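Below: one structure, written as structure tokens.
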Amino acid sequence: MATCTLAKYGTLSVEMIGERPTTLVKVNGVVTRFTIDTGAWFSFMSRANAEALGLKPVPAPFGFRMGGIGGSAIAEIATIKNLGILDTDLHNVDFVVGGSDAGEGSLGANLLDFADLEIDLAHGKVTLFKPDGCRKSALAYWVKDGDTYNVADLHPSYNLNDRRSFVDVTINGKTIRALLDSGAVATLLDRRAAKRVGIDLHGPGVRPGGRIHGLGEKTYQSWIVPIDKFSVGTETIQHSEMLVMDGNFGDGSNDMILGVDFMLAHHMYIANSQRKLYFTYNGGRVFSLDTTSIGAHESAAANGAGGEPKTATDYALRGQARLARGELANALADLDAAIRLDPSSADDHLIRARILLAQKHPDAAMEDLDKALSLDPKNLAALLLRASLRHRKKDAAGAAADLAVAQKLAPAGSMQSRYIASLYVAIGEPANAVPLLDAWIHVHRDDSSLGSALNERCWARALANQALKDALHDCRDAIKRDGDRAAYLDSLGMVYLRIGNYAESIKAYQQALARSPHAAWSHYGLGLAELHSGQTDAGSAELKMARSLDKQIDARAAKFGLGAPVGSPAKASSAQPSR
């Protein structure tokens, strides 16, 4: 009888950055972070990623487009001459270029699913195996004698060139098709499938979620819905909650995404050689929305394969996974252990700072960030987090110093550079934000968040009182793209206020307040526009409302040269003229 052996192609070390599983590879000799994305049929990156890596995309074959949540996008192809991965170099590896920017490029199923794939995110590992003689063997090899494991049938894609893995899922007794997608931050059901399994988005217990975006330009409203009974293969989960997207997954060949939250909760072996999925439960919450179980299950969360970590790196990887799952006490214990074993790791101090911030301990987090940057002064992530924390502590000078260093390190047009722009606006230096936003917008014309970036540039220009005609175009383009969002209308009102078109400013602010009635800035801008228009009583009432919502608004407005007209009652009564 043949003996089953599992030969390793290699193991990828996985760091959870927020809710994204990432790994380090080398692109033409440069160490680069990519997301591990089993939901992407082909490895891809944004145009900004390609430019930062010095790649030169070329047009894809005629008619070829990228597809995903939010629609499709024009695609290009970039070829990496040398891709260092799994302790080997792959040559002339193609990546699809285009779509919305998630911050890093993604390693897709074409690279990950050519063999059997073990996903153990709870311990920071993804391993590729070559099985031999294992056709009839159960491949949950980490399970001890007498312990149980779950199994489900894998279904192939309807496209023969697509290596992604699908499973049948049963919700409330009805079966739908789900994609195993480590690139999705949460498990997600589309509206068409939700209706099919009897979920009423207007039913009891349903509440609004955030907006969902993916590869394409569109964004969708989401809803948090209660699920009585959910099954994958031999595993059943009772009384959970998950997201429903107010839209559909393309052509209907897929109904649901089992996201990274589900994968963090399980140790999984995707046996492509058998068309089977083997998995065991790690303990704790299964879906990211199940927040009530975080503390209750944290102390009982299983270690899974491998037992306790032995090295600082192992502790840090497990701690990042626990942070992603909301298990803050366990995550902190792991990072404490990692730093005891190796106090010289800047990244470990950064991770612990993130945990401490999640626990609402900003002073302790600041100590770790200071230590991280003393060890590695060019640690971009630490600089950005410290700048944000300094802003929260009202240390504008300290934040500006960190941003000045970070700006030199962040690639032009990158997501980090856009975040720097947002912080410049937040600390009252909007003029510094505009060139960063210019570069970002230039390489993100097909991005789902382009509208918000245009609005951000409109707002920065309005605050800086610069290029107001260009600012007006930005606001109008953002509204044309995404609709009359309150934040966009607020920015438009500010531009018209700066230009001196008070009638249009009043109109824009009134529309903004109809959508967001408690926005202090909209009340303040409306009050100024009304005062300039001679509507003294109405303007004074709006300024009073703004001050009741934000007691510091006068001081902040003054920094940008905003205040009531000279001689107006509102001006005379204001202790600190301003914005």
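Labeling convention for the structure tokens: chains A, B, ... as they appear, residues from 1 per chain, ligands from 1 in order of appearance.
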
Could you give me, as an MDAnalysis selection string, the residues within 10 Å of range 119-125 of chain A, counting only C-alpha atoms and dropping anything in the same chain fewer than 5 positions from it? chainID A and resid 11:16 21:23 182 260:261 263:270 279 282 302:309 313:322 324:325

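From CA of Phe114 in chain A back to CA of Tyr278 in chain A, the distance works out to 17.3 Å.
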
Separation of CA of Ala406 in chain A from CA of His361 in chain A, in Å and rounded to one decimal: 23.9 Å

Interatomic distance (Å, one decimal) between CA of Arg418 in chain A and CA of Ser345 in chain A: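 Atom-to-atom, CA of Arg418 in chain A to CA of Ser345 in chain A, that is 27.0 Å.
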
Surrounding residues of range 46-48 of chain A excluding itself and chain neighbours under 3 positions, 9 Å, only C-alpha atoms, as number ranges by chain: A: 51-53, 57, 76, 96-105, 411-415, 440, 443-444

With N, CA, C and O atoms retained, could you export that selection as a CSV table (one decimal), in the first residue's frame?
```csv
chain,number,residue,atom,x,y,z
A,51,GLU,N,4.3,51.4,-10.9
A,51,GLU,CA,5.2,52.6,-11.1
A,51,GLU,C,6.2,52.6,-9.9
A,51,GLU,O,7.4,52.9,-10.1
A,52,ALA,N,5.8,52.3,-8.7
A,52,ALA,CA,6.7,52.3,-7.5
A,52,ALA,C,7.8,51.2,-7.7
A,52,ALA,O,8.9,51.4,-7.2
A,53,LEU,N,7.4,50.1,-8.3
A,53,LEU,CA,8.4,49.0,-8.5
A,53,LEU,C,9.2,49.2,-9.8
A,53,LEU,O,10.0,48.3,-10.1
A,57,PRO,N,4.1,48.8,-17.5
A,57,PRO,CA,2.9,48.0,-18.0
A,57,PRO,C,2.7,48.2,-19.5
A,57,PRO,O,3.0,49.3,-20.0
A,76,GLU,N,-3.8,46.2,-17.9
A,76,GLU,CA,-2.5,46.1,-18.5
A,76,GLU,C,-1.7,44.9,-18.0
A,76,GLU,O,-2.2,44.3,-17.0
A,96,VAL,N,-1.3,41.2,-13.7
A,96,VAL,CA,-2.3,42.1,-14.3
A,96,VAL,C,-2.2,43.4,-13.6
A,96,VAL,O,-2.1,43.5,-12.3
A,97,VAL,N,-2.3,44.5,-14.3
A,97,VAL,CA,-2.2,45.9,-13.7
A,97,VAL,C,-3.5,46.6,-14.0
A,97,VAL,O,-4.0,46.7,-15.1
A,98,GLY,N,-4.1,47.2,-12.9
A,98,GLY,CA,-5.3,48.0,-13.1
A,98,GLY,C,-6.2,47.9,-11.9
A,98,GLY,O,-5.8,47.3,-10.9
A,99,GLY,N,-7.3,48.6,-11.9
A,99,GLY,CA,-8.3,48.5,-10.9
A,99,GLY,C,-7.9,49.4,-9.7
A,99,GLY,O,-7.0,50.2,-9.7
A,100,SER,N,-8.7,49.2,-8.6
A,100,SER,CA,-8.6,50.1,-7.4
A,100,SER,C,-7.3,49.6,-6.6
A,100,SER,O,-6.9,48.5,-6.7
A,101,ASP,N,-6.8,50.6,-5.9
A,101,ASP,CA,-5.5,50.3,-5.2
A,101,ASP,C,-5.8,49.9,-3.7
A,101,ASP,O,-6.5,50.6,-3.0
A,102,ALA,N,-5.4,48.7,-3.4
A,102,ALA,CA,-5.6,48.2,-2.0
A,102,ALA,C,-4.4,48.5,-1.1
A,102,ALA,O,-4.3,48.1,0.1
A,103,GLY,N,-3.3,49.1,-1.7
A,103,GLY,CA,-2.1,49.4,-0.9
A,103,GLY,C,-0.9,48.5,-1.3
A,103,GLY,O,0.2,49.0,-1.4
A,104,GLU,N,-1.2,47.2,-1.6
A,104,GLU,CA,-0.1,46.3,-2.1
A,104,GLU,C,-0.7,45.6,-3.3
A,104,GLU,O,-1.9,45.4,-3.4
A,105,GLY,N,0.3,45.0,-4.0
A,105,GLY,CA,-0.1,44.1,-5.0
A,105,GLY,C,-0.6,42.8,-4.4
A,105,GLY,O,-0.4,42.5,-3.2
A,411,PRO,N,6.4,56.3,-1.8
A,411,PRO,CA,6.4,56.5,-3.2
A,411,PRO,C,5.3,57.4,-3.7
A,411,PRO,O,4.2,57.4,-3.1
A,412,ALA,N,5.6,58.2,-4.7
A,412,ALA,CA,4.6,59.1,-5.2
A,412,ALA,C,3.4,58.4,-5.7
A,412,ALA,O,3.5,57.3,-6.4
A,413,GLY,N,2.2,58.8,-5.4
A,413,GLY,CA,1.0,58.2,-5.8
A,413,GLY,C,0.6,56.9,-5.0
A,413,GLY,O,-0.4,56.3,-5.4
A,414,SER,N,1.3,56.6,-4.0
A,414,SER,CA,1.0,55.4,-3.2
A,414,SER,C,-0.1,55.7,-2.2
A,414,SER,O,-0.5,56.9,-1.9
A,415,MET,N,-0.7,54.7,-1.6
A,415,MET,CA,-1.7,54.9,-0.6
A,415,MET,C,-1.1,55.5,0.6
A,415,MET,O,-1.8,56.3,1.3
A,440,TRP,N,-1.4,61.2,-6.6
A,440,TRP,CA,-2.3,60.1,-6.4
A,440,TRP,C,-3.4,60.0,-7.4
A,440,TRP,O,-3.6,58.9,-8.0
A,443,VAL,N,-2.5,58.7,-11.0
A,443,VAL,CA,-2.3,57.2,-11.3
A,443,VAL,C,-3.5,56.4,-10.8
A,443,VAL,O,-3.4,55.2,-10.8
A,444,HIS,N,-4.6,57.0,-10.5
A,444,HIS,CA,-5.8,56.3,-9.9
A,444,HIS,C,-7.1,56.7,-10.6
A,444,HIS,O,-8.1,56.8,-10.0
```

Which parts of range 76-324 of chain A does DSSP call helix (DSSP H, G or I) when run on the backbone here, written out as a ChimeraX atom specification? /A:109-112,121-123,191-196,260-264,293-298,312-324

Which residues come within 6 Å of range 542-545 of chain A, counting only C-alpha atoms, excluding same-chain residues fewer than 2 positions away, as a ChimeraX atom specification? /A:523-524,527,539-540,547-548

Name the closest residue to Ala2 in chain A among the candidates A:His155, A:Arg485, A:Lys136, A:Arg33; distances are taken between atoms, counting only C-alpha atoms.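 Using only C-alpha atoms, Ala2 in chain A sits closest to A:Lys136.
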
DSSP on the backbone, strand (DSSP E) only: what residues of range 1-193 of chain A does that give? Format it as a PDB file with C-alpha atoms, in the first residue's frame.
```
ATOM      1  CA  THR A   5       3.984  11.894   1.750  1.00  0.00           C
ATOM      2  CA  LEU A   6       3.704  15.670   1.665  1.00  0.00           C
ATOM      3  CA  ALA A   7       6.756  17.366   0.170  1.00  0.00           C
ATOM      4  CA  LYS A   8       6.994  21.112   0.799  1.00  0.00           C
ATOM      5  CA  TYR A   9       7.583  23.571  -1.999  1.00  0.00           C
ATOM      6  CA  GLY A  10       8.095  26.103   0.789  1.00  0.00           C
ATOM      7  CA  THR A  11       6.376  28.230   3.430  1.00  0.00           C
ATOM      8  CA  LEU A  12       5.423  31.887   3.174  1.00  0.00           C
ATOM      9  CA  SER A  13       5.657  33.853   6.416  1.00  0.00           C
ATOM     10  CA  GLU A  15       1.976  39.057   8.594  1.00  0.00           C
ATOM     11  CA  MET A  16      -1.551  40.298   9.214  1.00  0.00           C
ATOM     12  CA  ILE A  17      -1.505  44.033   8.461  1.00  0.00           C
ATOM     13  CA  ARG A  20      -4.910  41.669   5.184  1.00  0.00           C
ATOM     14  CA  PRO A  21      -2.559  38.656   5.105  1.00  0.00           C
ATOM     15  CA  THR A  22       0.716  39.831   3.618  1.00  0.00           C
ATOM     16  CA  THR A  23       4.103  38.343   2.825  1.00  0.00           C
ATOM     17  CA  LEU A  24       7.461  39.655   1.664  1.00  0.00           C
ATOM     18  CA  VAL A  25       8.857  38.732  -1.732  1.00  0.00           C
ATOM     19  CA  LYS A  26      11.580  40.190  -3.934  1.00  0.00           C
ATOM     20  CA  VAL A  27      10.693  42.025  -7.125  1.00  0.00           C
ATOM     21  CA  VAL A  30      13.740  44.744  -4.109  1.00  0.00           C
ATOM     22  CA  VAL A  31      11.943  43.445  -1.001  1.00  0.00           C
ATOM     23  CA  THR A  32       8.232  44.121  -1.502  1.00  0.00           C
ATOM     24  CA  ARG A  33       5.081  43.349   0.473  1.00  0.00           C
ATOM     25  CA  PHE A  34       2.222  41.579  -1.327  1.00  0.00           C
ATOM     26  CA  THR A  35      -1.183  40.456  -0.128  1.00  0.00           C
ATOM     27  CA  ILE A  36      -1.967  36.734  -0.242  1.00  0.00           C
ATOM     28  CA  PHE A  44      -2.336  41.711  -9.891  1.00  0.00           C
ATOM     29  CA  MET A  45      -1.300  45.173  -8.757  1.00  0.00           C
ATOM     30  CA  VAL A  58       1.904  47.270 -21.601  1.00  0.00           C
ATOM     31  CA  PRO A  59      -1.639  46.969 -22.977  1.00  0.00           C
ATOM     32  CA  ARG A  65     -10.522  43.490 -18.573  1.00  0.00           C
ATOM     33  CA  MET A  66     -10.236  42.894 -14.834  1.00  0.00           C
ATOM     34  CA  GLY A  67     -13.443  42.023 -12.997  1.00  0.00           C
ATOM     35  CA  GLY A  68     -14.462  42.060  -9.343  1.00  0.00           C
ATOM     36  CA  GLY A  71     -17.418  46.199 -11.810  1.00  0.00           C
ATOM     37  CA  SER A  72     -14.557  45.823 -14.253  1.00  0.00           C
ATOM     38  CA  ALA A  73     -11.485  47.876 -15.066  1.00  0.00           C
ATOM     39  CA  ILE A  74      -9.140  48.324 -17.988  1.00  0.00           C
ATOM     40  CA  GLU A  76      -2.519  46.139 -18.537  1.00  0.00           C
ATOM     41  CA  ILE A  77       0.254  43.586 -18.112  1.00  0.00           C
ATOM     42  CA  ALA A  78       3.532  44.067 -16.224  1.00  0.00           C
ATOM     43  CA  THR A  79       6.268  41.446 -16.321  1.00  0.00           C
ATOM     44  CA  ILE A  80       8.560  40.918 -13.330  1.00  0.00           C
ATOM     45  CA  LYS A  81      11.876  39.594 -14.600  1.00  0.00           C
ATOM     46  CA  ASN A  82      12.828  38.037 -11.270  1.00  0.00           C
ATOM     47  CA  LEU A  83      10.286  37.249  -8.557  1.00  0.00           C
ATOM     48  CA  GLY A  84      11.893  35.892  -5.388  1.00  0.00           C
ATOM     49  CA  ILE A  85       9.412  33.667  -3.585  1.00  0.00           C
ATOM     50  CA  THR A  88      13.580  30.449  -5.358  1.00  0.00           C
ATOM     51  CA  ASP A  89      13.528  32.885  -8.251  1.00  0.00           C
ATOM     52  CA  LEU A  90      10.738  32.773 -10.817  1.00  0.00           C
ATOM     53  CA  HIS A  91      11.489  34.460 -14.104  1.00  0.00           C
ATOM     54  CA  ASN A  92       9.294  36.604 -16.361  1.00  0.00           C
ATOM     55  CA  VAL A  93       6.222  36.447 -14.144  1.00  0.00           C
ATOM     56  CA  ASP A  94       3.230  38.385 -15.480  1.00  0.00           C
ATOM     57  CA  PHE A  95       0.975  40.496 -13.256  1.00  0.00           C
ATOM     58  CA  VAL A  96      -2.272  42.108 -14.321  1.00  0.00           C
ATOM     59  CA  VAL A  97      -2.192  45.870 -13.694  1.00  0.00           C
ATOM     60  CA  GLY A 105      -0.113  44.058  -5.046  1.00  0.00           C
ATOM     61  CA  SER A 106      -1.652  40.606  -4.679  1.00  0.00           C
ATOM     62  CA  LEU A 107      -0.389  37.071  -5.184  1.00  0.00           C
ATOM     63  CA  ASP A 116      -1.963  21.881  -2.411  1.00  0.00           C
ATOM     64  CA  LEU A 117      -2.195  24.916  -0.147  1.00  0.00           C
ATOM     65  CA  GLU A 118      -2.149  24.953   3.650  1.00  0.00           C
ATOM     66  CA  ILE A 119      -3.437  28.190   5.197  1.00  0.00           C
ATOM     67  CA  ASP A 120      -2.616  28.672   8.871  1.00  0.00           C
ATOM     68  CA  LYS A 125       2.032  30.571   7.693  1.00  0.00           C
ATOM     69  CA  VAL A 126       0.972  29.588   4.194  1.00  0.00           C
ATOM     70  CA  THR A 127       2.641  26.428   2.868  1.00  0.00           C
ATOM     71  CA  LEU A 128       2.558  24.852  -0.578  1.00  0.00           C
ATOM     72  CA  PHE A 129       2.711  21.043  -0.710  1.00  0.00           C
ATOM     73  CA  LYS A 130       3.286  18.417  -3.366  1.00  0.00           C
ATOM     74  CA  PRO A 131       1.401  15.289  -2.208  1.00  0.00           C
ATOM     75  CA  ASP A 132       2.491  11.832  -3.302  1.00  0.00           C
ATOM     76  CA  ASN A 150     -14.109  19.101   8.996  1.00  0.00           C
ATOM     77  CA  VAL A 151     -14.152  18.394   5.290  1.00  0.00           C
ATOM     78  CA  ALA A 152     -15.925  19.927   2.301  1.00  0.00           C
ATOM     79  CA  ASP A 153     -15.877  19.272  -1.434  1.00  0.00           C
ATOM     80  CA  LEU A 154     -14.018  21.810  -3.563  1.00  0.00           C
ATOM     81  CA  HIS A 155     -15.616  22.916  -6.796  1.00  0.00           C
ATOM     82  CA  PHE A 166     -15.184  27.221  -4.345  1.00  0.00           C
ATOM     83  CA  VAL A 167     -17.286  25.362  -1.776  1.00  0.00           C
ATOM     84  CA  ASP A 168     -20.982  24.835  -1.195  1.00  0.00           C
ATOM     85  CA  VAL A 169     -22.361  26.747   1.770  1.00  0.00           C
ATOM     86  CA  THR A 170     -25.756  26.171   3.362  1.00  0.00           C
ATOM     87  CA  ILE A 171     -27.572  29.129   4.907  1.00  0.00           C
ATOM     88  CA  LYS A 174     -30.489  26.526   1.246  1.00  0.00           C
ATOM     89  CA  THR A 175     -27.255  25.903  -0.664  1.00  0.00           C
ATOM     90  CA  ILE A 176     -25.195  28.578  -2.407  1.00  0.00           C
ATOM     91  CA  ARG A 177     -21.686  28.753  -3.889  1.00  0.00           C
ATOM     92  CA  ALA A 178     -18.846  30.487  -1.999  1.00  0.00           C
ATOM     93  CA  LEU A 179     -15.307  31.518  -2.957  1.00  0.00           C
ATOM     94  CA  LEU A 180     -12.384  31.039  -0.538  1.00  0.00           C
ATOM     95  CA  LEU A 188     -19.715  38.720   2.332  1.00  0.00           C
ATOM     96  CA  LEU A 189     -22.961  37.613   0.717  1.00  0.00           C
ATOM     97  CA  ASP A 190     -24.373  39.305  -2.362  1.00  0.00           C
TER      98      ASP A 190
END
```

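Nearest residue to Ala186 in chain A, choosing from A:Ser388, A:Ser137, A:Ser374, A:Ser222 and counting only C-alpha atoms: A:Ser222.
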
Using only C-alpha atoms, determine which residues lie at most 9 Å from Leu489 in chain A, disregarding the query and same-chain residues fewer than 6 positions distant; provide the list as a count of residues only. 9
